[in-house]
Amino acid sequence: MRRTRVGRVDLVGGGPGPADLMTVRAYRLLMAADVVVADRLGPFAELRNELPSHVEVIDVGKRPGHHPVPQHEIDALLVERALAGHRVVRLKGGDPFVLGRGGEEVLACEAAGVPVSVTPGVSSAISVPQAAGIPVTHRGVASAVHIINGHGDLTPSALASLSDPTVTTVVLMGVASLPRLAASAASHGMSGDIPVAIVENGHTERQRTIRSTLATAARDAAAAQVVNPSVIVIGEVARAGLLLPTRAMIAESAT
């Protein structure tokens with residue numbers, strides 16, 4: 001394994017999945033790594049065989065209900081390998097700073113005196129809806145986007161975005177919590193007619209789109225047996241036929 005006088009950590013956004021949607025910089029950093037600490041989502045499975053044989057690979061991927069390596073242990077791994085003189089790439093799906101805990105890892109490295117840099121990636125919050133023909137903003141329809149973590153409760157800002165027809169709400173990691181989120185929205189007076197689109201396995205051959213409304217989304221998702229990874233889009237841009245209707249219908253036909 002190559003050693004440098006001073007190790008470092010690069011947090012690298014791998015994008016929504018396909019390797020050719022990574023940035024050139026992200027790919028170069030990955031191929032130059034001594035150690036790769038990889039998430040479950042992203043392009044790593046496609047690129048793993050391209051890595052030099054000396055590279056140490058550490059899988060810290062999380063799955064629904066199964067987090068084998070807690071975040072504090074991931075932070076410690078990055079610091080430990082970098083202080084040993086290695087060039088460490090922390091490869092994440094999407095973008096490191098969009099619900100990816102990248103900020104926590106930067107703080108851990110800085111606290112330990114480890115040089116750290118961040119390479120952005122294409123966020124699934126934007127690219128997965130796009131793959132289904134859904135623009136998160138569209139002139140005359142939506143002029144803002146609000147991204148929320150499906151694991152949390154609906155905050156005042158999330159409720160405000162749901163009640164504003166010019167704002168698109170994108171929910172990441174929200175399949176299991178969709179019934180709770182929909183019920184909470186209804187209890188705060190949100191219209192049940194707000195369009196909802198659930199895009200499952202975006203940018204893969206298994207991609208499909210479930211079209212629904214806020215009132216029926218939880219039921220429809222359960223009936224279709226929707227699983228993660230999925231991105232939930234709430235707002236007028238999720239209405240069927242807004243953009244690229246042929247492409248949208250092709251995606252929906254898989255249901």
# chains A, B, ... in the order shown; residues from 1 in each chain; ligands from 1
>>> residues_around(residues="range 218-224 of chain A", least_positions_apart="4", cutoff="9 Å", atoms="only C-alpha atoms", output="PDB file with all heavy atoms, in the first residue's frame")
ATOM      1  N   VAL A 175     -39.432   6.143   2.190  1.00  0.00           N
ATOM      2  CA  VAL A 175     -40.420   5.109   1.866  1.00  0.00           C
ATOM      3  C   VAL A 175     -41.129   4.605   3.123  1.00  0.00           C
ATOM      4  O   VAL A 175     -42.371   4.568   3.186  1.00  0.00           O
ATOM      5  CB  VAL A 175     -39.765   3.932   1.122  1.00  0.00           C
ATOM      6  CG1 VAL A 175     -40.750   2.776   0.978  1.00  0.00           C
ATOM      7  CG2 VAL A 175     -39.285   4.377  -0.254  1.00  0.00           C
ATOM      8  N   SER A 177     -41.410   5.965   6.013  1.00  0.00           N
ATOM      9  CA  SER A 177     -42.093   7.006   6.780  1.00  0.00           C
ATOM     10  C   SER A 177     -43.174   7.721   5.990  1.00  0.00           C
ATOM     11  O   SER A 177     -43.796   8.646   6.515  1.00  0.00           O
ATOM     12  CB  SER A 177     -41.070   8.024   7.286  1.00  0.00           C
ATOM     13  OG  SER A 177     -40.360   8.601   6.208  1.00  0.00           O
ATOM     14  N   LEU A 178     -43.441   7.293   4.756  1.00  0.00           N
ATOM     15  CA  LEU A 178     -44.431   7.980   3.933  1.00  0.00           C
ATOM     16  C   LEU A 178     -45.815   8.027   4.586  1.00  0.00           C
ATOM     17  O   LEU A 178     -46.459   9.087   4.570  1.00  0.00           O
ATOM     18  CB  LEU A 178     -44.504   7.331   2.550  1.00  0.00           C
ATOM     19  CG  LEU A 178     -45.427   8.002   1.519  1.00  0.00           C
ATOM     20  CD1 LEU A 178     -45.078   9.469   1.348  1.00  0.00           C
ATOM     21  CD2 LEU A 178     -45.338   7.269   0.182  1.00  0.00           C
ATOM     22  N   PRO A 179     -46.315   6.936   5.187  1.00  0.00           N
ATOM     23  CA  PRO A 179     -47.625   7.046   5.854  1.00  0.00           C
ATOM     24  C   PRO A 179     -47.640   8.110   6.948  1.00  0.00           C
ATOM     25  O   PRO A 179     -48.607   8.870   7.073  1.00  0.00           O
ATOM     26  CB  PRO A 179     -47.834   5.645   6.436  1.00  0.00           C
ATOM     27  CG  PRO A 179     -47.009   4.752   5.570  1.00  0.00           C
ATOM     28  CD  PRO A 179     -45.789   5.557   5.219  1.00  0.00           C
ATOM     29  N   ARG A 180     -46.568   8.177   7.727  1.00  0.00           N
ATOM     30  CA  ARG A 180     -46.511   9.165   8.806  1.00  0.00           C
ATOM     31  C   ARG A 180     -46.436  10.588   8.263  1.00  0.00           C
ATOM     32  O   ARG A 180     -47.114  11.498   8.757  1.00  0.00           O
ATOM     33  CB  ARG A 180     -45.299   8.874   9.693  1.00  0.00           C
ATOM     34  CG  ARG A 180     -45.059   9.912  10.774  1.00  0.00           C
ATOM     35  CD  ARG A 180     -43.889   9.526  11.668  1.00  0.00           C
ATOM     36  NE  ARG A 180     -42.682   9.240  10.924  1.00  0.00           N
ATOM     37  CZ  ARG A 180     -41.857  10.187  10.457  1.00  0.00           C
ATOM     38  NH1 ARG A 180     -42.129  11.456  10.644  1.00  0.00           N
ATOM     39  NH2 ARG A 180     -40.756   9.846   9.805  1.00  0.00           N
ATOM     40  N   ALA A 182     -47.503  11.663   5.314  1.00  0.00           N
ATOM     41  CA  ALA A 182     -48.778  12.023   4.689  1.00  0.00           C
ATOM     42  C   ALA A 182     -49.831  12.339   5.745  1.00  0.00           C
ATOM     43  O   ALA A 182     -50.606  13.301   5.601  1.00  0.00           O
ATOM     44  CB  ALA A 182     -49.245  10.891   3.781  1.00  0.00           C
ATOM     45  N   ILE A 198     -43.284   8.832  -6.925  1.00  0.00           N
ATOM     46  CA  ILE A 198     -42.255   8.057  -6.227  1.00  0.00           C
ATOM     47  C   ILE A 198     -41.413   7.378  -7.299  1.00  0.00           C
ATOM     48  O   ILE A 198     -41.917   6.558  -8.069  1.00  0.00           O
ATOM     49  CB  ILE A 198     -42.880   7.010  -5.297  1.00  0.00           C
ATOM     50  CG1 ILE A 198     -43.874   7.665  -4.340  1.00  0.00           C
ATOM     51  CG2 ILE A 198     -41.781   6.266  -4.525  1.00  0.00           C
ATOM     52  CD1 ILE A 198     -44.711   6.673  -3.562  1.00  0.00           C
ATOM     53  N   ILE A 210     -44.184   5.671  -9.599  1.00  0.00           N
ATOM     54  CA  ILE A 210     -45.544   5.520  -9.089  1.00  0.00           C
ATOM     55  C   ILE A 210     -46.143   6.918  -8.989  1.00  0.00           C
ATOM     56  O   ILE A 210     -45.621   7.772  -8.268  1.00  0.00           O
ATOM     57  CB  ILE A 210     -45.552   4.865  -7.694  1.00  0.00           C
ATOM     58  CG1 ILE A 210     -44.682   3.604  -7.666  1.00  0.00           C
ATOM     59  CG2 ILE A 210     -46.984   4.572  -7.255  1.00  0.00           C
ATOM     60  CD1 ILE A 210     -45.079   2.547  -8.627  1.00  0.00           C
ATOM     61  N   ARG A 211     -47.219   7.184  -9.710  1.00  0.00           N
ATOM     62  CA  ARG A 211     -47.899   8.479  -9.646  1.00  0.00           C
ATOM     63  C   ARG A 211     -49.081   8.370  -8.690  1.00  0.00           C
ATOM     64  O   ARG A 211     -49.867   7.420  -8.753  1.00  0.00           O
ATOM     65  CB  ARG A 211     -48.398   8.890 -11.023  1.00  0.00           C
ATOM     66  CG  ARG A 211     -47.319   9.003 -12.074  1.00  0.00           C
ATOM     67  CD  ARG A 211     -46.615  10.319 -12.034  1.00  0.00           C
ATOM     68  NE  ARG A 211     -45.637  10.411 -13.125  1.00  0.00           N
ATOM     69  CZ  ARG A 211     -44.989  11.515 -13.449  1.00  0.00           C
ATOM     70  NH1 ARG A 211     -45.201  12.627 -12.776  1.00  0.00           N
ATOM     71  NH2 ARG A 211     -44.125  11.493 -14.441  1.00  0.00           N
ATOM     72  N   SER A 212     -49.223   9.376  -7.834  1.00  0.00           N
ATOM     73  CA  SER A 212     -50.274   9.328  -6.841  1.00  0.00           C
ATOM     74  C   SER A 212     -50.603  10.747  -6.394  1.00  0.00           C
ATOM     75  O   SER A 212     -50.263  11.725  -7.075  1.00  0.00           O
ATOM     76  CB  SER A 212     -49.830   8.463  -5.656  1.00  0.00           C
ATOM     77  OG  SER A 212     -50.873   8.264  -4.729  1.00  0.00           O
ATOM     78  N   LEU A 214     -51.100  13.133  -2.452  1.00  0.00           N
ATOM     79  CA  LEU A 214     -50.691  13.097  -1.055  1.00  0.00           C
ATOM     80  C   LEU A 214     -51.640  12.234  -0.221  1.00  0.00           C
ATOM     81  O   LEU A 214     -51.212  11.533   0.697  1.00  0.00           O
ATOM     82  CB  LEU A 214     -50.637  14.523  -0.501  1.00  0.00           C
ATOM     83  CG  LEU A 214     -49.959  14.716   0.849  1.00  0.00           C
ATOM     84  CD1 LEU A 214     -48.522  14.208   0.820  1.00  0.00           C
ATOM     85  CD2 LEU A 214     -49.990  16.190   1.248  1.00  0.00           C
ATOM     86  N   THR A 255     -44.952  -0.522 -13.398  1.00  0.00           N
ATOM     87  CA  THR A 255     -45.736  -0.809 -12.209  1.00  0.00           C
ATOM     88  C   THR A 255     -46.873  -1.768 -12.535  1.00  0.00           C
ATOM     89  O   THR A 255     -47.533  -2.248 -11.646  1.00  0.00           O
ATOM     90  CB  THR A 255     -46.333   0.494 -11.637  1.00  0.00           C
ATOM     91  OG1 THR A 255     -47.276   1.027 -12.596  1.00  0.00           O
ATOM     92  CG2 THR A 255     -45.242   1.509 -11.357  1.00  0.00           C
TER      93      THR A 255
END
>>> closest_atom_pairs(of="range 161-251 of chain A", to="range 140-157 of chain A", cutoff="10 Å", atoms="only C-alpha atoms", output="JSON lines")
{"residue": "A:Ser161", "atom": "CA", "partner": "A:Ser157", "partner_atom": "CA", "distance": 6.2}
{"residue": "A:Leu162", "atom": "CA", "partner": "A:Ser157", "partner_atom": "CA", "distance": 8.7}
{"residue": "A:Ser163", "atom": "CA", "partner": "A:Ser157", "partner_atom": "CA", "distance": 9.9}
{"residue": "A:Asp164", "atom": "CA", "partner": "A:Ala142", "partner_atom": "CA", "distance": 9.3}
{"residue": "A:Pro165", "atom": "CA", "partner": "A:Ala142", "partner_atom": "CA", "distance": 7.2}
{"residue": "A:Thr166", "atom": "CA", "partner": "A:Ala142", "partner_atom": "CA", "distance": 4.2}
{"residue": "A:Val167", "atom": "CA", "partner": "A:Ala144", "partner_atom": "CA", "distance": 4.8}
{"residue": "A:Thr168", "atom": "CA", "partner": "A:Val145", "partner_atom": "CA", "distance": 4.7}
{"residue": "A:Thr169", "atom": "CA", "partner": "A:His146", "partner_atom": "CA", "distance": 4.8}
{"residue": "A:Val170", "atom": "CA", "partner": "A:Ile147", "partner_atom": "CA", "distance": 4.8}
{"residue": "A:Val171", "atom": "CA", "partner": "A:Ile148", "partner_atom": "CA", "distance": 5.1}
{"residue": "A:Leu172", "atom": "CA", "partner": "A:Asn149", "partner_atom": "CA", "distance": 5.3}
{"residue": "A:Met173", "atom": "CA", "partner": "A:Gly150", "partner_atom": "CA", "distance": 5.1}
{"residue": "A:Gly174", "atom": "CA", "partner": "A:Gly150", "partner_atom": "CA", "distance": 3.9}
{"residue": "A:Val175", "atom": "CA", "partner": "A:Gly150", "partner_atom": "CA", "distance": 7.5}
{"residue": "A:Ala176", "atom": "CA", "partner": "A:Gly150", "partner_atom": "CA", "distance": 8.2}
{"residue": "A:Ser177", "atom": "CA", "partner": "A:Gly150", "partner_atom": "CA", "distance": 6.1}
{"residue": "A:Leu178", "atom": "CA", "partner": "A:Gly150", "partner_atom": "CA", "distance": 7.5}
{"residue": "A:Arg180", "atom": "CA", "partner": "A:Asp153", "partner_atom": "CA", "distance": 8.5}
{"residue": "A:Leu181", "atom": "CA", "partner": "A:Leu154", "partner_atom": "CA", "distance": 6.8}
{"residue": "A:Ala182", "atom": "CA", "partner": "A:Leu154", "partner_atom": "CA", "distance": 9.7}
{"residue": "A:Ser184", "atom": "CA", "partner": "A:Leu154", "partner_atom": "CA", "distance": 7.2}
{"residue": "A:Ala185", "atom": "CA", "partner": "A:Leu154", "partner_atom": "CA", "distance": 7.8}
{"residue": "A:Val231", "atom": "CA", "partner": "A:Gly150", "partner_atom": "CA", "distance": 9.8}
{"residue": "A:Ile232", "atom": "CA", "partner": "A:Gly150", "partner_atom": "CA", "distance": 9.2}
{"residue": "A:Val233", "atom": "CA", "partner": "A:Ile147", "partner_atom": "CA", "distance": 9.4}
{"residue": "A:Ile234", "atom": "CA", "partner": "A:His146", "partner_atom": "CA", "distance": 9.8}
{"residue": "A:Gly235", "atom": "CA", "partner": "A:Ala142", "partner_atom": "CA", "distance": 8.1}
{"residue": "A:Glu236", "atom": "CA", "partner": "A:Val141", "partner_atom": "CA", "distance": 6.6}
{"residue": "A:Val237", "atom": "CA", "partner": "A:Val141", "partner_atom": "CA", "distance": 6.8}
{"residue": "A:Leu242", "atom": "CA", "partner": "A:Val141", "partner_atom": "CA", "distance": 9.5}
>>> select_by_dssp(residues="range 156-192 of chain A", states="strand (DSSP E or B)", output="list in words")
Val167, Thr168, Thr169, Val170, Val171 and Leu172 of chain A
>>> write_last_selection(atoms="all heavy atoms", output="mmCIF file, in the first residue's frame")
data_model
loop_
_atom_site.group_PDB
_atom_site.id
_atom_site.type_symbol
_atom_site.label_atom_id
_atom_site.label_comp_id
_atom_site.auth_asym_id
_atom_site.auth_seq_id
_atom_site.Cartn_x
_atom_site.Cartn_y
_atom_site.Cartn_z
ATOM 1 N N VAL A 167 -43.511 25.552 -4.663
ATOM 2 C CA VAL A 167 -42.345 24.867 -4.101
ATOM 3 C C VAL A 167 -42.484 23.364 -4.311
ATOM 4 O O VAL A 167 -43.545 22.784 -4.048
ATOM 5 C CB VAL A 167 -42.185 25.170 -2.597
ATOM 6 C CG1 VAL A 167 -40.995 24.386 -2.015
ATOM 7 C CG2 VAL A 167 -41.982 26.663 -2.368
ATOM 8 N N THR A 168 -41.414 22.736 -4.776
ATOM 9 C CA THR A 168 -41.355 21.282 -4.882
ATOM 10 C C THR A 168 -40.709 20.720 -3.621
ATOM 11 O O THR A 168 -39.644 21.193 -3.208
ATOM 12 C CB THR A 168 -40.526 20.848 -6.101
ATOM 13 O OG1 THR A 168 -41.120 21.376 -7.287
ATOM 14 C CG2 THR A 168 -40.451 19.333 -6.209
ATOM 15 N N THR A 169 -41.333 19.730 -3.019
ATOM 16 C CA THR A 169 -40.750 19.061 -1.859
ATOM 17 C C THR A 169 -40.215 17.703 -2.301
ATOM 18 O O THR A 169 -40.945 16.903 -2.884
ATOM 19 C CB THR A 169 -41.796 18.866 -0.746
ATOM 20 O OG1 THR A 169 -42.295 20.147 -0.340
ATOM 21 C CG2 THR A 169 -41.176 18.170 0.457
ATOM 22 N N VAL A 170 -38.937 17.473 -2.035
ATOM 23 C CA VAL A 170 -38.296 16.203 -2.375
ATOM 24 C C VAL A 170 -37.930 15.496 -1.078
ATOM 25 O O VAL A 170 -37.251 16.068 -0.221
ATOM 26 C CB VAL A 170 -37.038 16.423 -3.238
ATOM 27 C CG1 VAL A 170 -36.345 15.087 -3.513
ATOM 28 C CG2 VAL A 170 -37.398 17.105 -4.551
ATOM 29 N N VAL A 171 -38.401 14.258 -0.942
ATOM 30 C CA VAL A 171 -38.156 13.481 0.273
ATOM 31 C C VAL A 171 -37.168 12.367 -0.056
ATOM 32 O O VAL A 171 -37.412 11.534 -0.935
ATOM 33 C CB VAL A 171 -39.463 12.873 0.825
ATOM 34 C CG1 VAL A 171 -39.197 12.173 2.161
ATOM 35 C CG2 VAL A 171 -40.527 13.954 0.983
ATOM 36 N N LEU A 172 -36.048 12.351 0.647
ATOM 37 C CA LEU A 172 -35.063 11.285 0.514
ATOM 38 C C LEU A 172 -35.196 10.336 1.700
ATOM 39 O O LEU A 172 -35.484 10.758 2.817
ATOM 40 C CB LEU A 172 -33.647 11.864 0.463
ATOM 41 C CG LEU A 172 -33.360 12.863 -0.662
ATOM 42 C CD1 LEU A 172 -31.898 13.326 -0.602
ATOM 43 C CD2 LEU A 172 -33.667 12.277 -2.030
#
>>> closest_residue(among="A:Ala240, A:Leu11, A:Ala112, A:Ser230", to="Leu83 in chain A", atoms="only C-alpha atoms")
A:Ala112
>>> select_by_dssp(residues="range 4-253 of chain A", states="alpha helix (DSSP H)", output="PyMOL selection string")
chain A and resi 24-31+44-47+71-83+102-111+124-131+156-163+178-187+217-223+245-252
>>> atom_distance(atom1="CA of Ala19 in chain A", atom2="CA of Met31 in chain A")
12.7 Å
>>> closest_residue(among="A:Ala132, A:Leu78, A:Ala45, A:Val88", to="Leu29 in chain A", atoms="only C-alpha atoms")
A:Val88
>>> closest_residue(among="A:Ala160, A:Val227, A:Leu91, A:Ala125", to="Arg48 in chain A", atoms="only C-alpha atoms")
A:Leu91
>>> residues_around(residues="Cys109 in chain A", least_positions_apart="5", cutoff="12 Å", atoms="only C-alpha atoms", output="list in words")
Gly7, Arg8, Val9, Asp10, Leu11, His72, Ile74, Asp75, Ala76, Leu77, Leu78, Val79, Glu80, Arg81, Ala82, Leu83, Val88, Arg90, Gly102, Gly103, Glu104, Val114, Pro115, Val116, Ser117 and Val118 of chain A
>>> residues_around(residues="range 33-42 of chain A", least_positions_apart="5", cutoff="9 Å", atoms="only C-alpha atoms", output="VMD selection string")
chain A and resid 1 to 3 13 to 19 28 51 to 52 54 to 63 74 77 to 78 81 to 82 86 to 94 229
>>> write_last_selection(atoms="N, CA and C atoms", output="tab-separated table (two decimals), in the first residue's frame")
chain	number	residue	atom	x	y	z
A	1	MET	N	0.84	-1.18	0.00
A	1	MET	CA	0.00	0.00	0.00
A	1	MET	C	0.88	1.24	0.00
A	2	ARG	N	0.58	2.19	-0.89
A	2	ARG	CA	1.38	3.40	-0.97
A	2	ARG	C	1.24	4.20	0.32
A	3	ARG	N	2.32	4.81	0.75
A	3	ARG	CA	2.29	5.69	1.90
A	3	ARG	C	2.74	7.08	1.46
A	13	GLY	N	-18.41	12.64	-3.88
A	13	GLY	CA	-19.77	12.35	-4.26
A	13	GLY	C	-19.80	11.48	-5.50
A	14	GLY	N	-20.42	10.31	-5.41
A	14	GLY	CA	-20.43	9.38	-6.52
A	14	GLY	C	-21.60	9.56	-7.47
A	15	GLY	N	-22.53	10.47	-7.13
A	15	GLY	CA	-23.68	10.65	-7.99
A	15	GLY	C	-24.76	9.62	-7.75
A	16	PRO	N	-25.77	9.56	-8.62
A	16	PRO	CA	-26.94	8.72	-8.38
A	16	PRO	C	-26.77	7.24	-8.64
A	17	GLY	N	-25.62	6.82	-9.17
A	17	GLY	CA	-25.43	5.38	-9.38
A	17	GLY	C	-24.54	5.02	-10.54
A	18	PRO	N	-24.91	5.33	-11.76
A	18	PRO	CA	-24.08	4.95	-12.91
A	18	PRO	C	-22.70	5.61	-12.84
A	19	ALA	N	-21.67	4.86	-13.16
A	19	ALA	CA	-20.32	5.39	-13.08
A	19	ALA	C	-20.10	6.57	-14.01
A	28	ARG	N	-10.93	10.23	-10.81
A	28	ARG	CA	-9.47	10.29	-10.64
A	28	ARG	C	-9.08	10.08	-9.19
A	51	LEU	N	-10.14	-0.84	-9.49
A	51	LEU	CA	-9.18	-0.35	-8.51
A	51	LEU	C	-7.90	-1.18	-8.54
A	52	PRO	N	-6.75	-0.55	-8.32
A	52	PRO	CA	-5.50	-1.32	-8.19
A	52	PRO	C	-5.60	-2.35	-7.07
A	54	HIS	N	-3.78	-3.15	-4.66
A	54	HIS	CA	-3.31	-2.83	-3.31
A	54	HIS	C	-4.33	-2.06	-2.48
A	55	VAL	N	-5.39	-1.58	-3.09
A	55	VAL	CA	-6.33	-0.69	-2.40
A	55	VAL	C	-7.13	-1.45	-1.35
A	56	GLU	N	-7.18	-0.90	-0.15
A	56	GLU	CA	-8.01	-1.46	0.92
A	56	GLU	C	-9.43	-0.93	0.76
A	57	VAL	N	-10.39	-1.82	0.72
A	57	VAL	CA	-11.80	-1.43	0.57
A	57	VAL	C	-12.54	-1.73	1.87
A	58	ILE	N	-13.23	-0.72	2.39
A	58	ILE	CA	-13.99	-0.88	3.63
A	58	ILE	C	-15.44	-0.52	3.31
A	59	ASP	N	-16.32	-1.50	3.46
A	59	ASP	CA	-17.74	-1.31	3.17
A	59	ASP	C	-18.45	-0.84	4.44
A	60	VAL	N	-19.01	0.37	4.38
A	60	VAL	CA	-19.74	0.91	5.54
A	60	VAL	C	-21.19	1.21	5.14
A	61	GLY	N	-21.66	0.56	4.10
A	61	GLY	CA	-22.98	0.86	3.56
A	61	GLY	C	-24.10	0.56	4.53
A	62	LYS	N	-25.07	1.47	4.54
A	62	LYS	CA	-26.26	1.31	5.37
A	62	LYS	C	-27.40	0.78	4.52
A	63	ARG	N	-28.23	-0.04	5.14
A	63	ARG	CA	-29.46	-0.52	4.53
A	63	ARG	C	-30.62	-0.23	5.46
A	74	ILE	N	-17.21	5.33	11.47
A	74	ILE	CA	-16.76	5.74	10.15
A	74	ILE	C	-15.79	6.92	10.28
A	77	LEU	N	-12.48	5.64	11.40
A	77	LEU	CA	-11.77	4.93	10.32
A	77	LEU	C	-11.05	5.91	9.40
A	78	LEU	N	-11.75	6.94	9.00
A	78	LEU	CA	-11.14	7.93	8.10
A	78	LEU	C	-9.90	8.55	8.73
A	81	ARG	N	-6.89	5.87	9.18
A	81	ARG	CA	-6.17	5.52	7.96
A	81	ARG	C	-5.37	6.72	7.43
A	82	ALA	N	-5.92	7.91	7.55
A	82	ALA	CA	-5.20	9.09	7.08
A	82	ALA	C	-3.97	9.37	7.94
A	86	HIS	N	-2.10	7.26	4.66
A	86	HIS	CA	-2.79	6.82	3.46
A	86	HIS	C	-3.66	7.92	2.86
A	87	ARG	N	-3.88	7.79	1.58
A	87	ARG	CA	-4.83	8.66	0.89
A	87	ARG	C	-6.18	7.95	0.89
A	88	VAL	N	-7.13	8.53	1.60
A	88	VAL	CA	-8.41	7.88	1.85
A	88	VAL	C	-9.49	8.57	1.02
A	89	VAL	N	-10.28	7.78	0.30
A	89	VAL	CA	-11.45	8.30	-0.40
A	89	VAL	C	-12.68	7.77	0.31
A	90	ARG	N	-13.50	8.69	0.78
A	90	ARG	CA	-14.81	8.34	1.36
A	90	ARG	C	-15.83	8.53	0.26
A	91	LEU	N	-16.21	7.42	-0.38
A	91	LEU	CA	-17.09	7.47	-1.54
A	91	LEU	C	-18.54	7.35	-1.11
A	92	LYS	N	-19.33	8.38	-1.47
A	92	LYS	CA	-20.72	8.43	-1.08
A	92	LYS	C	-21.61	8.45	-2.31
A	93	GLY	N	-22.84	7.97	-2.15
A	93	GLY	CA	-23.81	8.17	-3.20
A	93	GLY	C	-24.28	9.62	-3.21
A	94	GLY	N	-24.66	10.12	-4.37
A	94	GLY	CA	-25.15	11.49	-4.45
A	94	GLY	C	-24.06	12.50	-4.16
A	229	PRO	N	-33.73	2.05	-2.96
A	229	PRO	CA	-33.73	3.50	-2.92
A	229	PRO	C	-34.85	4.10	-3.76
>>> atom_distance(atom1="CA of Leu159 in chain A", atom2="CA of Gly100 in chain A")
22.6 Å
>>> atom_distance(atom1="CA of Gly202 in chain A", atom2="CA of Ala26 in chain A")
20.4 Å
>>> closest_residue(among="A:Gln225, A:Ser187, A:Thr209, A:Thr204", to="Pro43 in chain A", atoms="only C-alpha atoms")
A:Thr204
>>> decode(residues="range 191-197 of chain A", atoms="all heavy atoms", output="compact mmCIF listing (two decimals), in the first residue's frame")
# COMPACT_ATOMS: atom_id res chain seq x y z
N SER A 191 -53.71 19.89 1.37
CA SER A 191 -54.65 19.28 0.44
C SER A 191 -54.20 17.88 0.07
O SER A 191 -53.02 17.63 -0.21
CB SER A 191 -54.75 20.13 -0.84
OG SER A 191 -55.47 19.45 -1.84
N GLY A 192 -55.15 16.95 0.05
CA GLY A 192 -54.83 15.59 -0.35
C GLY A 192 -54.65 15.42 -1.84
O GLY A 192 -54.22 14.35 -2.30
N ASP A 193 -54.97 16.46 -2.62
CA ASP A 193 -54.87 16.38 -4.07
C ASP A 193 -53.50 16.75 -4.62
O ASP A 193 -53.29 16.70 -5.84
CB ASP A 193 -55.91 17.30 -4.72
CG ASP A 193 -57.34 16.84 -4.43
OD1 ASP A 193 -57.54 15.63 -4.27
OD2 ASP A 193 -58.23 17.70 -4.37
N ILE A 194 -52.56 17.12 -3.75
CA ILE A 194 -51.23 17.50 -4.21
C ILE A 194 -50.60 16.30 -4.92
O ILE A 194 -50.55 15.19 -4.37
CB ILE A 194 -50.34 17.94 -3.04
CG1 ILE A 194 -50.93 19.17 -2.35
CG2 ILE A 194 -48.92 18.24 -3.52
CD1 ILE A 194 -50.19 19.57 -1.08
N PRO A 195 -50.08 16.49 -6.15
CA PRO A 195 -49.48 15.36 -6.87
C PRO A 195 -48.22 14.83 -6.18
O PRO A 195 -47.45 15.60 -5.59
CB PRO A 195 -49.12 15.97 -8.24
CG PRO A 195 -49.99 17.17 -8.37
CD PRO A 195 -50.15 17.70 -6.98
N VAL A 196 -48.06 13.53 -6.26
CA VAL A 196 -46.88 12.86 -5.70
C VAL A 196 -46.34 11.88 -6.73
O VAL A 196 -47.13 11.17 -7.39
CB VAL A 196 -47.23 12.10 -4.40
CG1 VAL A 196 -46.03 11.27 -3.91
CG2 VAL A 196 -47.68 13.06 -3.31
N ALA A 197 -45.04 11.84 -6.88
CA ALA A 197 -44.39 10.83 -7.71
C ALA A 197 -43.32 10.14 -6.88
O ALA A 197 -42.54 10.81 -6.20
CB ALA A 197 -43.78 11.45 -8.97
